[in-house]
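Structure file input-v3.tsv with TSV, C-alpha atoms and all ligand atoms:
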```tsv
chain	number	residue	atom	x	y	z
A	1	MET	CA	0.00	0.00	0.00
A	2	GLN	CA	2.97	2.31	0.76
A	3	LYS	CA	4.23	1.80	-2.79
A	4	ILE	CA	0.89	2.73	-4.32
A	5	ALA	CA	0.71	5.85	-2.13
A	6	SER	CA	4.22	6.82	-3.30
A	7	ALA	CA	3.27	6.30	-6.94
A	8	LEU	CA	0.19	8.53	-6.55
A	9	PHE	CA	2.15	11.16	-4.61
A	10	SER	CA	4.78	11.35	-7.39
A	11	ALA	CA	2.13	11.35	-10.12
A	12	GLU	CA	0.63	14.44	-8.48
A	13	LYS	CA	3.99	16.18	-7.95
A	14	ASN	CA	5.27	15.47	-11.47
A	15	GLY	CA	2.01	15.71	-13.40
A	16	LYS	CA	2.47	12.23	-14.88
A	17	SER	CA	-0.59	10.01	-14.83
A	18	VAL	CA	-0.55	6.36	-13.80
A	19	ILE	CA	-2.72	3.43	-14.89
A	20	ARG	CA	-5.41	2.49	-12.40
A	21	PHE	CA	-4.29	-0.17	-9.98
A	22	THR	CA	-7.41	-2.33	-10.25
A	23	LYS	CA	-6.33	-3.13	-13.81
A	24	ALA	CA	-3.24	-5.13	-12.79
A	25	GLN	CA	-4.59	-6.02	-9.32
A	26	PRO	CA	-8.31	-6.83	-9.60
A	27	ASP	CA	-8.29	-7.81	-5.91
A	28	PHE	CA	-7.37	-4.25	-4.82
A	29	THR	CA	-10.31	-3.52	-2.51
A	30	LEU	CA	-12.09	-0.40	-1.28
A	31	ALA	CA	-10.52	-0.98	2.17
A	32	ASN	CA	-7.11	-1.08	0.44
A	33	GLY	CA	-8.01	2.21	-1.26
A	34	TYR	CA	-8.66	3.91	2.10
A	35	GLU	CA	-5.46	2.40	3.50
A	36	VAL	CA	-3.50	3.95	0.61
A	37	GLN	CA	-5.29	7.26	1.16
A	38	LYS	CA	-4.09	7.26	4.81
A	39	HIS	CA	-0.49	6.74	3.66
A	40	LEU	CA	-0.97	9.51	1.09
A	41	LEU	CA	-2.21	11.91	3.78
A	42	LYS	CA	0.86	11.04	5.89
A	43	LYS	CA	3.09	11.88	2.93
A	44	HIS	CA	1.42	15.27	2.45
A	45	LEU	CA	1.79	16.04	6.18
A	46	GLN	CA	5.47	15.01	6.12
A	47	ASP	CA	5.85	17.31	3.12
A	48	GLY	CA	4.63	20.22	5.29
A	49	ALA	CA	0.95	20.40	4.37
A	50	ARG	CA	-1.71	20.81	7.06
A	51	LEU	CA	-4.99	18.87	7.22
A	52	VAL	CA	-7.82	21.44	7.14
A	53	GLY	CA	-10.83	19.52	5.96
A	54	ARG	CA	-12.59	16.59	4.38
A	55	LYS	CA	-14.57	16.18	1.20
A	56	MET	CA	-17.32	13.89	0.10
A	57	GLY	CA	-17.55	12.68	-3.48
A	58	MET	CA	-20.15	10.95	-5.63
A	59	THR	CA	-23.02	12.33	-3.57
A	60	SER	CA	-25.18	13.44	-6.52
A	61	ARG	CA	-26.74	11.73	-9.53
A	62	PRO	CA	-25.00	14.06	-12.07
A	63	LYS	CA	-21.58	13.08	-10.64
A	64	MET	CA	-22.41	9.39	-10.39
A	65	GLN	CA	-23.53	9.40	-14.02
A	66	GLN	CA	-20.51	11.36	-15.22
A	67	MET	CA	-18.00	9.08	-13.50
A	68	GLY	CA	-19.88	5.76	-13.53
A	69	ILE	CA	-19.51	5.29	-9.77
A	70	ASP	CA	-22.50	5.23	-7.48
A	71	SER	CA	-21.31	5.10	-3.88
A	72	PRO	CA	-20.31	8.12	-1.80
A	73	ILE	CA	-16.59	8.34	-0.95
A	74	HIS	CA	-14.44	10.71	1.09
A	75	GLY	CA	-11.03	12.32	0.94
A	76	PHE	CA	-8.93	14.91	2.74
A	77	LEU	CA	-8.27	18.62	2.13
A	78	THR	CA	-5.00	20.37	3.00
A	79	ASP	CA	-4.16	24.06	3.37
A	80	ARG	CA	-2.07	23.89	0.18
A	81	MET	CA	-5.12	23.01	-1.90
A	82	GLN	CA	-7.01	26.17	-0.94
A	83	VAL	CA	-7.16	29.11	-3.35
A	84	PRO	CA	-8.58	32.37	-1.97
A	85	GLU	CA	-12.01	33.43	-3.28
A	86	GLY	CA	-11.48	35.72	-6.27
A	87	GLY	CA	-7.89	34.53	-6.57
A	88	VAL	CA	-5.84	32.82	-9.23
A	89	LEU	CA	-5.29	29.08	-9.47
A	90	LYS	CA	-1.99	28.24	-11.13
A	91	LEU	CA	-2.46	24.95	-12.96
A	92	GLY	CA	1.15	23.88	-12.35
A	93	ASN	CA	1.58	20.16	-12.93
A	94	ARG	CA	-2.07	19.28	-12.97
A	95	ILE	CA	-2.88	16.58	-15.52
A	96	HIS	CA	-6.50	17.14	-16.66
A	97	PRO	CA	-8.15	19.47	-14.14
A	98	LYS	CA	-11.89	20.02	-13.85
A	99	VAL	CA	-14.05	22.24	-11.65
A	100	GLU	CA	-17.39	21.58	-9.96
A	101	PRO	CA	-19.72	23.55	-7.67
A	102	GLU	CA	-20.11	22.42	-4.07
A	103	ILE	CA	-21.57	23.44	-0.70
A	104	ALA	CA	-19.08	23.89	2.16
A	105	PHE	CA	-19.66	23.57	5.90
A	106	LEU	CA	-17.53	24.75	8.80
A	107	LEU	CA	-17.79	22.65	11.95
A	108	GLY	CA	-18.31	24.58	15.17
A	109	ARG	CA	-17.90	21.55	17.40
A	110	ASP	CA	-16.61	17.99	17.23
A	111	LEU	CA	-18.77	15.40	15.50
A	112	HIS	CA	-18.50	11.64	15.74
A	113	GLY	CA	-20.50	8.46	15.61
A	114	ASP	CA	-23.99	8.09	14.30
A	115	VAL	CA	-25.35	11.63	13.91
A	116	SER	CA	-28.72	12.74	12.59
A	117	VAL	CA	-29.18	15.52	10.06
A	118	HIS	CA	-30.56	17.68	12.86
A	119	GLU	CA	-27.52	17.05	15.09
A	120	ALA	CA	-25.21	17.78	12.15
A	121	SER	CA	-27.05	21.06	11.47
A	122	LEU	CA	-26.51	22.13	15.10
A	123	ALA	CA	-22.78	21.38	14.88
A	124	ILE	CA	-22.26	23.72	11.91
A	125	SER	CA	-21.00	27.24	12.52
A	126	ALA	CA	-21.07	28.47	8.90
A	127	VAL	CA	-22.01	27.51	5.33
A	128	ALA	CA	-20.68	28.71	1.98
A	129	GLY	CA	-20.82	28.14	-1.74
A	130	ALA	CA	-17.59	26.60	-2.99
A	131	LEU	CA	-15.71	25.35	-6.04
A	132	GLU	CA	-13.73	22.17	-6.07
A	133	ILE	CA	-10.88	21.56	-8.51
A	134	ILE	CA	-10.40	17.87	-9.18
A	135	ASP	CA	-7.58	16.22	-11.11
A	136	SER	CA	-7.35	12.46	-11.27
A	137	ARG	CA	-3.85	11.07	-11.23
A	138	TYR	CA	-5.11	8.21	-13.42
A	139	GLU	CA	-4.75	8.12	-17.18
A	140	ASN	CA	-7.90	9.38	-18.94
A	141	PHE	CA	-9.66	9.94	-15.57
A	142	ASP	CA	-10.26	6.18	-15.75
A	143	PHE	CA	-10.64	4.51	-12.35
A	144	GLY	CA	-12.67	2.11	-10.24
A	145	LEU	CA	-13.97	2.89	-6.76
A	146	PRO	CA	-10.85	1.60	-4.87
A	147	ASP	CA	-8.54	3.52	-7.26
A	148	VAL	CA	-10.25	6.89	-6.85
A	149	VAL	CA	-10.35	6.50	-3.06
A	150	ALA	CA	-6.60	5.71	-3.03
A	151	ASP	CA	-6.05	8.87	-5.13
A	152	ASN	CA	-7.74	11.00	-2.45
A	153	CYS	CA	-10.89	11.15	-4.57
A	154	SER	CA	-9.18	13.29	-7.24
A	155	SER	CA	-8.78	16.21	-4.77
A	156	SER	CA	-6.65	18.98	-6.17
A	157	GLY	CA	-7.92	22.36	-4.97
A	158	PHE	CA	-10.83	24.27	-3.51
A	159	VAL	CA	-12.20	27.78	-3.22
A	160	ILE	CA	-14.59	28.76	-0.42
A	161	GLY	CA	-17.02	31.65	-0.93
A	162	PRO	CA	-18.00	34.02	1.86
A	163	TRP	CA	-18.98	32.09	4.99
A	164	ARG	CA	-22.59	32.72	6.04
A	165	ARG	CA	-24.39	31.97	9.23
A	166	PRO	CA	-26.03	28.53	8.99
A	167	LEU	CA	-29.17	28.51	6.87
A	168	ASP	CA	-31.26	25.87	5.13
A	169	VAL	CA	-29.13	24.68	2.20
A	170	SER	CA	-31.36	21.75	1.24
A	171	ASN	CA	-32.61	23.23	-2.04
A	172	LEU	CA	-30.58	26.12	-3.42
A	173	GLY	CA	-30.24	26.86	-7.13
A	174	ILE	CA	-26.68	26.77	-8.53
A	175	VAL	CA	-25.23	28.04	-11.82
A	176	LEU	CA	-21.64	27.26	-12.82
A	177	GLU	CA	-20.23	29.70	-15.39
A	178	GLN	CA	-17.14	29.36	-17.55
A	179	ASN	CA	-15.94	32.63	-19.06
A	180	GLY	CA	-19.31	34.25	-18.46
A	181	ARG	CA	-21.32	31.46	-20.09
A	182	PRO	CA	-23.51	29.19	-18.02
A	183	ALA	CA	-22.02	25.69	-18.23
A	184	GLN	CA	-23.93	23.70	-15.60
A	185	PHE	CA	-27.20	24.25	-13.74
A	186	GLY	CA	-28.16	22.41	-10.59
A	187	SER	CA	-29.57	22.44	-7.12
A	188	SER	CA	-28.04	21.60	-3.77
A	189	ALA	CA	-30.95	19.15	-3.41
A	190	ALA	CA	-29.07	16.91	-5.86
A	191	ILE	CA	-26.57	16.25	-3.04
A	192	LEU	CA	-28.23	13.31	-1.27
A	193	GLY	CA	-31.46	15.32	-1.07
A	194	ASN	CA	-29.76	17.69	1.39
A	195	PRO	CA	-26.00	18.45	1.60
A	196	LEU	CA	-26.19	17.90	5.37
A	197	ARG	CA	-26.63	14.20	4.57
A	198	ALA	CA	-23.17	14.28	3.01
A	199	LEU	CA	-21.88	15.43	6.38
A	200	THR	CA	-23.67	12.72	8.34
A	201	ALA	CA	-22.45	10.14	5.80
A	202	LEU	CA	-18.89	11.44	6.15
A	203	VAL	CA	-18.94	11.11	9.94
A	204	GLY	CA	-20.21	7.55	9.58
A	205	LEU	CA	-17.66	6.54	6.93
A	206	LEU	CA	-14.65	8.24	8.54
A	207	GLY	CA	-14.90	6.28	11.79
A	208	GLU	CA	-13.05	8.97	13.72
A	209	THR	CA	-13.97	12.31	15.28
A	210	LEU	CA	-14.32	15.26	12.92
A	211	PRO	CA	-12.86	18.09	14.98
A	212	ALA	CA	-14.32	21.60	15.33
A	213	GLY	CA	-12.80	23.89	12.71
A	214	THR	CA	-12.92	21.26	9.96
A	215	VAL	CA	-14.04	22.44	6.51
A	216	ILE	CA	-16.29	19.95	4.73
A	217	LEU	CA	-17.14	19.86	1.03
A	218	ALA	CA	-20.42	18.02	0.50
A	219	GLY	CA	-19.74	16.83	-3.07
A	220	ALA	CA	-20.54	18.34	-6.44
A	221	ALA	CA	-24.15	19.17	-7.28
A	222	THR	CA	-23.51	19.03	-11.07
A	223	ALA	CA	-21.13	17.29	-13.45
A	224	ALA	CA	-17.58	18.72	-13.50
A	225	ILE	CA	-16.26	20.77	-16.45
A	226	PRO	CA	-12.70	20.72	-17.85
A	227	LEU	CA	-10.47	23.70	-17.02
A	228	GLN	CA	-7.94	25.57	-19.14
A	229	ALA	CA	-5.43	28.32	-18.45
A	230	GLY	CA	-7.15	31.65	-19.07
A	231	ASP	CA	-10.55	30.47	-17.82
A	232	TRP	CA	-12.62	32.60	-15.50
A	233	ILE	CA	-14.88	30.42	-13.39
A	234	ARG	CA	-17.79	31.62	-11.31
A	235	ALA	CA	-20.50	29.78	-9.47
A	236	SER	CA	-23.63	31.52	-8.20
A	237	PHE	CA	-25.49	29.99	-5.30
A	238	GLU	CA	-29.00	31.07	-4.31
A	239	LYS	CA	-28.80	32.77	-0.87
A	240	LEU	CA	-25.02	32.13	-0.57
A	241	GLY	CA	-23.68	34.45	-3.28
A	242	THR	CA	-20.90	33.88	-5.79
A	243	VAL	CA	-17.48	32.22	-5.77
A	244	GLU	CA	-14.89	33.05	-8.40
A	245	VAL	CA	-11.46	31.90	-9.48
A	246	ARG	CA	-9.20	32.66	-12.43
A	247	ILE	CA	-7.15	29.90	-13.96
A	248	ALA	CA	-3.58	30.53	-15.08
A	249	ALA	CA	-0.70	28.47	-16.42
A	250	GLY	CA	2.52	28.12	-14.40
A	251	THR	CA	3.39	27.02	-10.92
A	252	VAL	CA	2.90	28.67	-7.53
B	1	LIG	C1	-13.93	11.90	-8.08
B	1	LIG	C2	-14.23	13.00	-7.10
B	1	LIG	C3	-15.70	13.16	-6.82
B	1	LIG	C4	-17.45	14.86	-6.10
B	1	LIG	O1	-17.69	16.00	-5.70
B	1	LIG	O2	-18.33	14.06	-6.43
B	1	LIG	C5	-16.02	14.47	-6.22
B	1	LIG	C6	-13.94	12.39	-9.49
B	1	LIG	O3	-14.97	12.82	-10.01
B	1	LIG	O4	-12.86	12.33	-10.12
B	1	LIG	O5	-15.18	15.25	-5.84
B	2	MG	MG	-16.03	17.23	-5.53
```
File written out as structure tokens:
Amino acid sequence: MQKIASALFSAEKNGKSVIRFTKAQPDFTLANGYEVQKHLLKKHLQDGARLVGRKMGMTSRPKMQQMGIDSPIHGFLTDRMQVPEGGVLKLGNRIHPKVEPEIAFLLGRDLHGDVSVHEASLAISAVAGALEIIDSRYENFDFGLPDVVADNCSSSGFVIGPWRRPLDVSNLGIVLEQNGRPAQFGSSAAILGNPLRALTALVGLLGETLPAGTVILAGAATAAIPLQAGDWIRASFEKLGTVEVRIAAGTV
């Protein structure tokens, strides 16, 4: 598992894709995938990154259909992945980046165990519209469930819009624009019927305490769109406002 984590870590650093592991090792399981992801997180921390949050993936029908995977998964977010709202994302060594609109939560207190949607809502100190930048380290974005989990669920970057006091985010309209043109339309209701369910699912799947201060991305509400240097990306969220990022070539 260490070797697979190292291969994925180098693929990300060098921008060179790898072939999905389930191809040569059909017995590579989902549990193996999470084991690799743990090693990968350790590598990022040893490299000086800080763990700041968690993300859920495959929590909406549009994403499940786009990627051909239909069970929710989770990954980690580090401080190095964050791009300030209205800032510039340098593509660096990314392989085939995409962007997708998400809902973000900020935890005001620790959460663990079997929590209800109501309990989760009480534990949240803020909500925001967000953008997630994904970039699979696998050739042609081609992976099975264990592969994508090992690859930290394609996590590559994120942008958080202005934090708002908690409000009902169960059915908010979302428009994702690329260079001023609407590219995807959706609703936060696409995320498991209510993005708070992504949070309760995360707590259940993680099997450890989610500490206060954690940022959580609930998963994309629409399909992701490919990114190019020069793009100007904006997502508008009903009641939450807009989140923008400019995409540039080059490294940080
Ligand atoms: C996997 C990541 C899924 C989401 O929001 O559903 C994800 C992928 O699509 O490559 O981040
Ligand atoms: Mg996502």
Output as JSON lines one row per residue of chain A within 6 Å of ligand MG 2 (chain B): the closest atom pair and its distance in Å to one decimal place, counting only C-alpha atoms and all ligand atoms, sorted by chain and residue number ascending.
```
{"residue": "A:Gly57", "atom": "CA", "partner": "B:MG2", "partner_atom": "MG", "distance": 5.2}
{"residue": "A:Glu132", "atom": "CA", "partner": "B:MG2", "partner_atom": "MG", "distance": 5.5}
{"residue": "A:Gly219", "atom": "CA", "partner": "B:MG2", "partner_atom": "MG", "distance": 4.5}
{"residue": "A:Ala220", "atom": "CA", "partner": "B:MG2", "partner_atom": "MG", "distance": 4.7}
```
For region 111-116 of chain A, list every protein, DNA or RNA residue within 12 Å, evaluated using only C-alpha atoms, and leave out those in the same chain fewer than 3 positions away; present the list as a PyMOL selection string.
chain A and resi 106-108+119-124+196-214+216
Export of prior selection with C-alpha atoms as a compact mmCIF listing (two decimals), keeping the file's coordinate frame:
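Dumped everything to out_5.txt:
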```txt
# COMPACT_ATOMS: atom_id res chain seq x y z
CA LEU A 106 -17.53 24.75 8.80
CA LEU A 107 -17.79 22.65 11.95
CA GLY A 108 -18.31 24.58 15.17
CA GLU A 119 -27.52 17.05 15.09
CA ALA A 120 -25.21 17.78 12.15
CA SER A 121 -27.05 21.06 11.47
CA LEU A 122 -26.51 22.13 15.10
CA ALA A 123 -22.78 21.38 14.88
CA ILE A 124 -22.26 23.72 11.91
CA LEU A 196 -26.19 17.90 5.37
CA ARG A 197 -26.63 14.20 4.57
CA ALA A 198 -23.17 14.28 3.01
CA LEU A 199 -21.88 15.43 6.38
CA THR A 200 -23.67 12.72 8.34
CA ALA A 201 -22.45 10.14 5.80
CA LEU A 202 -18.89 11.44 6.15
CA VAL A 203 -18.94 11.11 9.94
CA GLY A 204 -20.21 7.55 9.58
CA LEU A 205 -17.66 6.54 6.93
CA LEU A 206 -14.65 8.24 8.54
CA GLY A 207 -14.90 6.28 11.79
CA GLU A 208 -13.05 8.97 13.72
CA THR A 209 -13.97 12.31 15.28
CA LEU A 210 -14.32 15.26 12.92
CA PRO A 211 -12.86 18.09 14.98
CA ALA A 212 -14.32 21.60 15.33
CA GLY A 213 -12.80 23.89 12.71
CA THR A 214 -12.92 21.26 9.96
CA ILE A 216 -16.29 19.95 4.73
```
With only C-alpha atoms as the counted atoms, please give the residues lying no more than 6 Å from Thr78 (chain A), apart from itself and same-chain residues fewer than 2 positions off, as a list in words.
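The neighbour list is Arg50, Leu51, Val52, Arg80 and Met81 of chain A.
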Using all atoms listed in the file, what table do you get, as CSV, when you list each residue of chain A with an atom no more than 8 Å from ligand LIG 1 (chain B), its nearest pair of atoms, and their distance in Å rounded to one decimal, rows by chain then rising number?
```
residue,atom,partner,partner_atom,distance
A:Lys55,CA,B:LIG1,O5,7.1
A:Met56,CA,B:LIG1,O1,6.2
A:Gly57,CA,B:LIG1,O2,3.3
A:Met58,CA,B:LIG1,O2,3.7
A:Thr59,CA,B:LIG1,O2,5.8
A:Ser60,CA,B:LIG1,O2,6.9
A:Lys63,CA,B:LIG1,O2,5.4
A:Met64,CA,B:LIG1,O2,7.4
A:Gln66,CA,B:LIG1,O3,7.7
A:Met67,CA,B:LIG1,O3,5.9
A:Pro72,CA,B:LIG1,O2,7.8
A:Ile73,CA,B:LIG1,C3,7.6
A:Glu100,CA,B:LIG1,O1,7.0
A:Glu102,CA,B:LIG1,O1,7.1
A:Glu132,CA,B:LIG1,O5,7.1
A:Ile134,CA,B:LIG1,O4,6.1
A:Asp135,CA,B:LIG1,O4,6.6
A:Ser136,CA,B:LIG1,O4,5.6
A:Phe141,CA,B:LIG1,O4,6.8
A:Val148,CA,B:LIG1,C1,6.3
A:Cys153,CA,B:LIG1,C2,4.6
A:Ser154,CA,B:LIG1,O4,4.8
A:Ser155,CA,B:LIG1,O5,6.6
A:Leu217,CA,B:LIG1,O1,7.8
A:Ala218,CA,B:LIG1,O1,7.1
A:Gly219,CA,B:LIG1,O1,3.4
A:Ala220,CA,B:LIG1,O1,3.8
A:Ala221,CA,B:LIG1,O1,7.4
A:Ala224,CA,B:LIG1,O3,7.3
```
Could you check how far CA of Val175 (chain A) sits from CA of Glu85 (chain A), in Å to one decimal?
16.6 Å
Please identify all polymer residues within 12 Å of Lys43 (chain A), counting only C-alpha atoms, omitting same-chain residues fewer than 2 positions from it, and present them as an NGL selection string.
:A and (2-10 or 12-13 or 36-41 or 45-51 or 78)
Using all atoms listed in the file, which of the listed residues (A:Pro101, A:Gly129, A:Gly157, A:Gly186) sits closest to Val169 (chain A)?
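For Val169 (chain A), the nearest of the given residues is A:Gly129.
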Would you mind reading off the distance between CA of Gln25 (chain A) and CA of Ile69 (chain A), one decimal, in Å?
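Value for the CA of Gln25 (chain A)-CA of Ile69 (chain A) distance: 18.7 Å.
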Pick out the closest residue to Val215 (chain A) from this set: A:Val117, A:Ser125, A:Ala31, A:Lys90. Count only C-alpha atoms.
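The answer is A:Ser125, which sits nearest to Val215 (chain A).
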Could you tell me which of A:Gly87, A:Pro226, A:Gly241, A:Gly53 comes closest to His74 (chain A) if we count all atoms listed in the file?
A:Gly53
Pairwise distance for CA of Glu238 (chain A) and CA of Leu172 (chain A), rounded to one decimal in Å:
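Computed distance, CA of Glu238 (chain A) to CA of Leu172 (chain A), equals 5.3 Å.
Considering the residues A:Ser187, A:Ser170, A:Gln228, A:Thr222 and counting all atoms listed in the file, His96 (chain A) has its shortest atom-to-atom contact with A:Gln228.
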Proximity to Asp147 (chain A) - best of A:Ala24, A:Leu77, A:Gly15, A:Leu30, all atoms listed in the file:
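Looking only at the distances to Asp147 (chain A), the closest residue turns out to be A:Leu30.
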